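Structure file coords.txt (compact mmCIF, C-alpha atoms) follows.
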# COMPACT_ATOMS: atom_id res chain seq x y z
CA MET A 444 114.52 129.12 89.87
CA SER A 445 114.46 130.05 86.22
CA THR A 446 111.21 131.97 86.66
CA GLU A 447 109.58 133.97 89.42
CA ARG A 448 106.29 132.21 88.80
CA GLY A 449 107.63 128.96 90.30
CA ALA A 450 107.37 125.40 89.12
CA ALA A 451 104.75 123.37 87.27
CA LEU A 452 103.96 119.93 88.65
CA VAL A 453 102.82 117.58 85.88
CA THR A 454 101.49 114.08 86.57
CA GLY A 455 101.44 111.46 83.86
CA ALA A 456 104.42 113.26 82.37
CA SER A 457 106.09 110.29 80.73
CA SER A 458 104.08 110.47 77.48
CA GLY A 459 101.13 111.93 75.65
CA ILE A 460 99.40 115.06 76.91
CA GLY A 461 101.54 115.21 80.05
CA ALA A 462 104.84 115.17 78.20
CA ALA A 463 103.61 117.66 75.58
CA TYR A 464 102.27 120.01 78.25
CA ALA A 465 105.54 119.81 80.21
CA ARG A 466 107.52 120.72 77.09
CA ARG A 467 105.22 123.65 76.39
CA LEU A 468 105.38 124.98 79.95
CA ALA A 469 109.16 124.67 80.06
CA GLY A 470 109.30 126.55 76.77
CA LEU A 471 107.35 129.32 78.46
CA GLY A 472 109.92 129.46 81.26
CA TRP A 473 108.39 127.21 83.89
CA ASP A 474 110.58 124.92 85.94
CA THR A 475 108.93 121.51 86.09
CA VAL A 476 108.31 118.66 88.51
CA LEU A 477 107.61 115.57 86.41
CA VAL A 478 105.63 112.69 87.93
CA ALA A 479 105.04 109.28 86.35
CA ARG A 480 105.65 105.57 86.84
CA ARG A 481 108.32 105.15 84.15
CA ALA A 482 111.72 106.36 85.36
CA GLN A 483 113.48 106.06 82.00
CA ARG A 484 110.81 108.09 80.24
CA LEU A 485 111.02 110.79 82.92
CA ASP A 486 114.80 110.91 82.71
CA ASP A 487 114.67 111.23 78.92
CA LEU A 488 112.16 114.09 79.10
CA ALA A 489 114.08 115.81 81.90
CA THR A 490 117.29 115.70 79.86
CA TRP A 491 115.51 117.18 76.84
CA LEU A 492 113.90 119.96 78.88
CA ARG A 493 117.16 120.95 80.57
CA THR A 494 119.00 121.00 77.24
CA GLU A 495 116.37 122.70 75.10
CA THR A 496 114.80 125.14 77.57
CA ASP A 497 117.49 125.76 80.21
CA THR A 498 114.95 125.25 83.00
CA ALA A 499 115.21 123.31 86.25
CA VAL A 500 113.62 119.87 86.17
CA GLU A 501 112.80 117.52 89.04
CA THR A 502 111.54 113.97 88.55
CA LEU A 503 109.38 111.94 90.92
CA VAL A 504 108.86 108.29 90.01
CA ALA A 505 105.52 107.39 91.56
CA ASP A 506 102.43 105.25 91.12
CA LEU A 507 99.64 107.54 92.31
CA SER A 508 97.43 104.57 93.17
CA GLU A 509 99.93 103.60 95.90
CA PRO A 510 99.27 105.48 99.17
CA ASP A 511 102.95 106.06 100.01
CA ASP A 512 103.74 107.33 96.52
CA LEU A 513 100.68 109.58 96.49
CA ALA A 514 101.60 111.01 99.90
CA ARG A 515 105.09 111.83 98.63
CA VAL A 516 103.74 113.68 95.59
CA VAL A 517 101.09 115.43 97.70
CA ARG A 518 103.85 116.82 99.92
CA ARG A 519 105.63 118.15 96.85
CA ALA A 520 102.43 119.65 95.42
CA ALA A 521 101.96 121.58 98.66
CA GLY A 522 105.30 123.35 98.18
CA ASP A 523 105.22 127.11 98.02
CA ASP A 524 106.97 127.05 94.65
CA ILE A 525 104.20 125.18 92.78
CA GLY A 526 102.41 127.70 90.59
CA PHE A 527 100.89 125.32 88.04
CA LEU A 528 99.39 121.88 88.67
CA LEU A 529 98.47 119.61 85.77
CA ASN A 530 96.59 116.54 86.98
CA ASN A 531 97.00 114.49 83.84
CA ALA A 532 97.75 110.98 85.13
CA GLY A 533 94.94 108.56 84.40
CA ILE A 534 94.20 104.98 83.43
CA ASN A 535 91.13 103.51 81.78
CA GLY A 536 90.36 100.03 83.12
CA TYR A 537 88.09 99.48 80.13
CA GLY A 538 86.01 96.33 79.98
CA PRO A 539 82.68 94.84 81.07
CA PHE A 540 81.87 96.08 84.56
CA ALA A 541 80.80 92.62 85.79
CA ARG A 542 84.23 91.26 84.90
CA LEU A 543 86.35 94.24 85.97
CA GLU A 544 89.16 93.08 88.24
CA PRO A 545 88.72 94.59 91.75
CA GLU A 546 92.41 95.49 91.92
CA LEU A 547 92.25 97.37 88.62
CA MET A 548 89.01 99.10 89.65
CA ALA A 549 90.72 100.35 92.82
CA LYS A 550 93.67 101.59 90.77
CA VAL A 551 91.40 103.51 88.37
CA LEU A 552 89.59 105.15 91.29
CA GLY A 553 92.85 105.88 93.09
CA ILE A 554 94.56 107.59 90.17
CA ASN A 555 91.59 109.22 88.44
CA VAL A 556 89.72 110.45 91.53
CA LEU A 557 91.67 110.32 94.78
CA ALA A 558 94.99 111.55 93.37
CA VAL A 559 93.37 114.43 91.45
CA THR A 560 91.50 115.54 94.56
CA ALA A 561 94.40 115.16 96.97
CA LEU A 562 96.91 116.95 94.75
CA THR A 563 94.51 119.81 94.07
CA ARG A 564 93.84 120.12 97.80
CA ALA A 565 97.58 120.19 98.44
CA ALA A 566 98.36 122.87 95.87
CA VAL A 567 95.47 125.33 96.20
CA PRO A 568 96.15 126.72 99.71
CA ALA A 569 99.69 127.82 98.85
CA MET A 570 98.47 129.28 95.55
CA LEU A 571 95.83 131.28 97.40
CA GLU A 572 98.46 132.46 99.87
CA ARG A 573 100.65 133.73 97.01
CA GLY A 574 97.73 135.22 95.14
CA ARG A 575 98.29 133.31 91.90
CA GLY A 576 98.22 129.79 90.51
CA THR A 577 96.72 127.48 87.92
CA VAL A 578 95.16 124.03 88.21
CA VAL A 579 94.27 122.01 85.11
CA ASN A 580 92.55 118.67 85.68
CA VAL A 581 92.40 116.38 82.65
CA ALA A 582 89.05 114.63 82.21
CA SER A 583 87.62 113.26 78.97
CA GLN A 584 84.76 113.80 76.59
CA LEU A 585 83.60 110.38 77.78
CA ALA A 586 82.49 112.20 80.93
CA PHE A 587 79.57 113.43 78.78
CA ALA A 588 78.80 110.01 77.26
CA GLY A 589 77.23 108.23 80.21
CA GLY A 590 73.97 107.35 78.48
CA LEU A 591 75.56 106.06 75.28
CA PRO A 592 76.06 102.30 74.83
CA PRO A 593 79.47 100.83 74.04
CA HIS A 594 80.58 99.99 70.51
CA PRO A 595 82.14 101.98 69.07
CA LEU A 596 82.71 103.61 72.46
CA PRO A 597 84.52 101.45 75.04
CA GLU A 598 82.92 99.64 77.96
CA ARG A 599 83.73 102.40 80.42
CA ALA A 600 81.39 102.55 83.43
CA VAL A 601 84.13 103.15 86.00
CA TYR A 602 86.38 105.26 83.77
CA GLY A 603 83.49 107.44 82.60
CA GLY A 604 82.32 107.78 86.18
CA THR A 605 85.73 108.95 87.35
CA LYS A 606 85.98 111.50 84.57
CA GLY A 607 82.47 112.70 85.34
CA TYR A 608 83.70 113.29 88.87
CA VAL A 609 86.68 115.29 87.59
CA VAL A 610 84.38 117.50 85.51
CA THR A 611 81.94 118.18 88.36
CA PHE A 612 84.69 118.58 90.97
CA THR A 613 86.64 121.04 88.85
CA ARG A 614 83.65 123.08 87.72
CA THR A 615 82.41 123.36 91.28
CA LEU A 616 85.85 124.31 92.56
CA ALA A 617 86.18 126.93 89.83
CA ALA A 618 82.87 128.44 90.93
CA GLU A 619 84.01 128.42 94.56
CA LEU A 620 87.27 130.18 93.68
CA ALA A 621 85.78 132.56 91.11
CA GLY A 622 86.60 135.59 93.22
CA THR A 623 90.27 134.69 93.59
CA PRO A 624 93.23 135.10 91.22
CA LEU A 625 93.48 131.33 90.67
CA ARG A 626 92.74 129.81 87.27
CA ILE A 627 90.91 126.48 87.47
CA GLN A 628 90.20 124.40 84.36
CA VAL A 629 88.92 120.96 83.47
CA LEU A 630 90.35 119.80 80.15
CA CYS A 631 88.11 117.33 78.28
CA PRO A 632 89.89 115.93 75.24
CA GLY A 633 88.29 113.44 72.91
CA LEU A 634 90.26 110.68 71.20
CA THR A 635 93.87 111.86 71.28
CA ALA A 636 96.96 110.54 69.50
CA THR A 637 98.69 109.00 72.53
CA GLU A 638 99.36 105.48 73.81
CA PHE A 639 96.46 105.67 76.28
CA HIS A 640 94.48 102.86 74.65
CA ARG A 641 97.49 100.56 74.46
CA SER A 642 97.10 99.63 78.14
CA ARG A 643 94.16 99.21 80.51
CA GLY A 644 96.36 100.58 83.26
CA GLN A 645 97.64 97.66 85.30
CA GLU A 646 101.10 98.32 83.89
CA PRO A 647 102.35 101.24 81.78
CA VAL A 648 103.21 100.73 78.13
CA PRO A 649 106.78 99.34 78.08
CA GLY A 650 109.79 100.84 76.35
CA ARG A 651 111.42 104.24 76.23
CA GLU A 652 109.92 105.43 72.96
CA GLN A 653 106.51 107.10 72.96
CA SER A 654 103.93 105.54 70.67
CA VAL A 655 100.40 106.18 69.46
CA HIS A 656 97.48 103.75 69.68
CA GLU A 657 96.03 102.49 66.42
CA ASP A 658 92.92 104.68 66.61
CA GLY A 659 94.94 107.88 66.17
CA GLY A 660 93.10 111.02 67.26
CA MET A 661 93.83 114.71 67.81
CA PRO A 662 97.56 115.56 68.03
CA VAL A 663 98.60 116.24 71.62
CA ASP A 664 99.97 119.68 70.77
CA GLN A 665 96.51 120.75 69.63
CA VAL A 666 95.08 119.63 72.97
CA VAL A 667 97.68 121.72 74.79
CA ASP A 668 97.00 124.68 72.49
CA ALA A 669 93.30 124.51 73.33
CA SER A 670 93.94 124.31 77.07
CA LEU A 671 96.33 127.25 77.15
CA ALA A 672 94.01 129.35 74.99
CA ALA A 673 91.08 128.59 77.30
CA LEU A 674 93.16 129.58 80.32
CA ASP A 675 93.88 132.92 78.67
CA THR A 676 90.16 133.56 78.16
CA GLY A 677 89.14 132.34 81.61
CA GLU A 678 87.14 129.29 80.50
CA SER A 679 86.77 126.71 83.26
CA VAL A 680 85.75 123.93 80.85
CA CYS A 681 87.91 123.28 77.80
CA VAL A 682 86.79 120.80 75.15
CA PRO A 683 89.45 120.71 72.42
CA GLY A 684 87.90 120.82 68.97
CA LEU A 685 84.71 122.51 70.20
CA ALA A 686 84.68 125.71 68.18
CA ASP A 687 81.46 127.09 69.67
CA GLN A 688 80.92 127.23 73.45
CA ALA A 689 77.13 127.17 73.03
CA PRO A 690 76.78 123.45 73.94
CA LEU A 691 78.50 124.09 77.26
CA THR A 692 76.22 127.07 77.87
CA ARG A 693 73.18 124.91 77.11
CA LEU A 694 74.51 122.23 79.47
CA ALA A 695 74.71 124.73 82.33
CA GLU A 696 71.24 126.02 81.48
CA ALA A 697 69.83 122.47 81.45
CA GLU A 698 71.39 121.77 84.84
CA LEU A 699 69.80 124.92 86.25
CA ALA A 700 66.45 123.96 84.72
CA ILE A 701 66.58 120.51 86.36
CA ARG A 702 67.35 121.95 89.77
CA THR A 703 64.69 124.65 89.44
CA ALA A 704 62.01 122.23 88.25
CA ALA A 705 62.86 119.71 90.97
CA ARG A 706 62.41 122.33 93.69
CA GLY A 707 58.85 122.98 92.52
CA GLY A 708 57.91 119.44 91.61
CA GLY A 709 56.53 118.14 94.89
CA SER A 710 52.90 117.83 93.79
Could you spell out this file's structure in structure tokens?
Amino acid sequence: MSTERGAALVTGASSGIGAAYARRLAGLGWDTVLVARRAQRLDDLATWLRTETDTAVETLVADLSEPDDLARVVRRAAGDDIGFLLNNAGINGYGPFARLEPELMAKVLGINVLAVTALTRAAVPAMLERGRGTVVNVASQLAFAGGLPPHPLPERAVYGGTKGYVVTFTRTLAAELAGTPLRIQVLCPGLTATEFHRSRGQEPVPGREQSVHEDGGMPVDQVVDASLAALDTGESVCVPGLADQAPLTRLAEAELAIRTAARGGGS
């Protein structure tokens, strides 16, 4: 191992936030386990990381919506060398809910919900045993946009629902593990300069070269900067571009007010 801290397992590592985060972690001395569907992209990134950072790199070609592939990655995430887990893989399945293909809906749920939960469950026990570890689950600012109609936002009922799950799951887990040395974060980027919107998720964007969708967005390195800075300050919710944490504080206060009022509202 190139570092005593262990290895970082990164899903969705073939492009965008996943690839940028893997480069940053390797630059900090982490060995990496790269997971994605596109073998050529993974091989290209692995070659770059080995050459530029002199770290050990392992690649796992896997579609996390496929049970056998997910089980294989879960076994790797449970390894006692995994000190950092980035659950970044995700697909959008955008479109009118009444016309959403059942197969695509199942894939969105499998990757965005089941895989995040299963991989976190696999990694956390060994991290607790070692007394250190970090889990970052990538959600979306669309998790906070449930009541807003589409246009200009996408038609996103299932995608937004899955990212809402990731936010609630991660926040609740962070509260549960607050007395431990583990760092737990949900990362909620807005529109980001990746190729995410170039595919609904049935198939990955083809080709070896990374691209950016036409809508542009925040550069991926700024998203990674925000996440790492929030980890350093112990923030369990990171919204890149949000300079003031007051809205998140007010959100937590509103949630408490709802629960408190509901308990006394039986009349």
Handout entry: Contact residues around Leu691 in chain A with all atoms listed in the file at 10 Å, ignoring same-chain residues under 5 positions, as an MDAnalysis selection string
Key = chainID A and resid 680:682 685 696:697
Problem - Distance criterion (all atoms listed in the file): nearest to Glu678 in chain A out of A:Val579, A:Val663, A:Val556, A:Val609 - result: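 Using all atoms listed in the file, Glu678 in chain A sits closest to A:Val579.
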Problem - Non-local contacts of range 475-485 of chain A (9 Å; only C-alpha atoms; under 5 positions in same chain excluded) as a PyMOL selection string - result: chain A and resi 449-458+461-462+465+468-469+490+492+498-507+516+519+525+532+647+649-653
Exercise for the section: Pick out the residues sitting within 9 Å of Leu674 in chain A, and hand them over as a list in words; count only C-alpha atoms, and ignore anything fewer than 4 positions along from it in its own chain. Expected result: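 Result of the neighbour search: Thr577, Arg626, Ile627, Gln628, Ala669, Ser670, Glu678, Ser679 and Cys681 of chain A.
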Handout entry: Nearest to Asn580 in chain A by atom-to-atom distance, counting only C-alpha atoms, from A:Thr494, A:Asn530, A:Pro592, A:Ala541
Key =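 Once distances to Asn580 in chain A are computed over only C-alpha atoms, the minimum belongs to A:Asn530.
Our summary of the geometry notes that CA of Met661 in chain A is positioned 21.0 Å from CA of Gly607 in chain A.
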Problem - Minimum-distance residue to Gly533 in chain A, chosen among A:Ala686, A:Val567, A:Ala582, A:Val648 (using all atoms listed in the file) - result: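 Nearest to Gly533 in chain A: A:Ala582.
Rounded to one decimal, CA of Phe527 in chain A and CA of Val578 in chain A lie 5.9 Å from each other.
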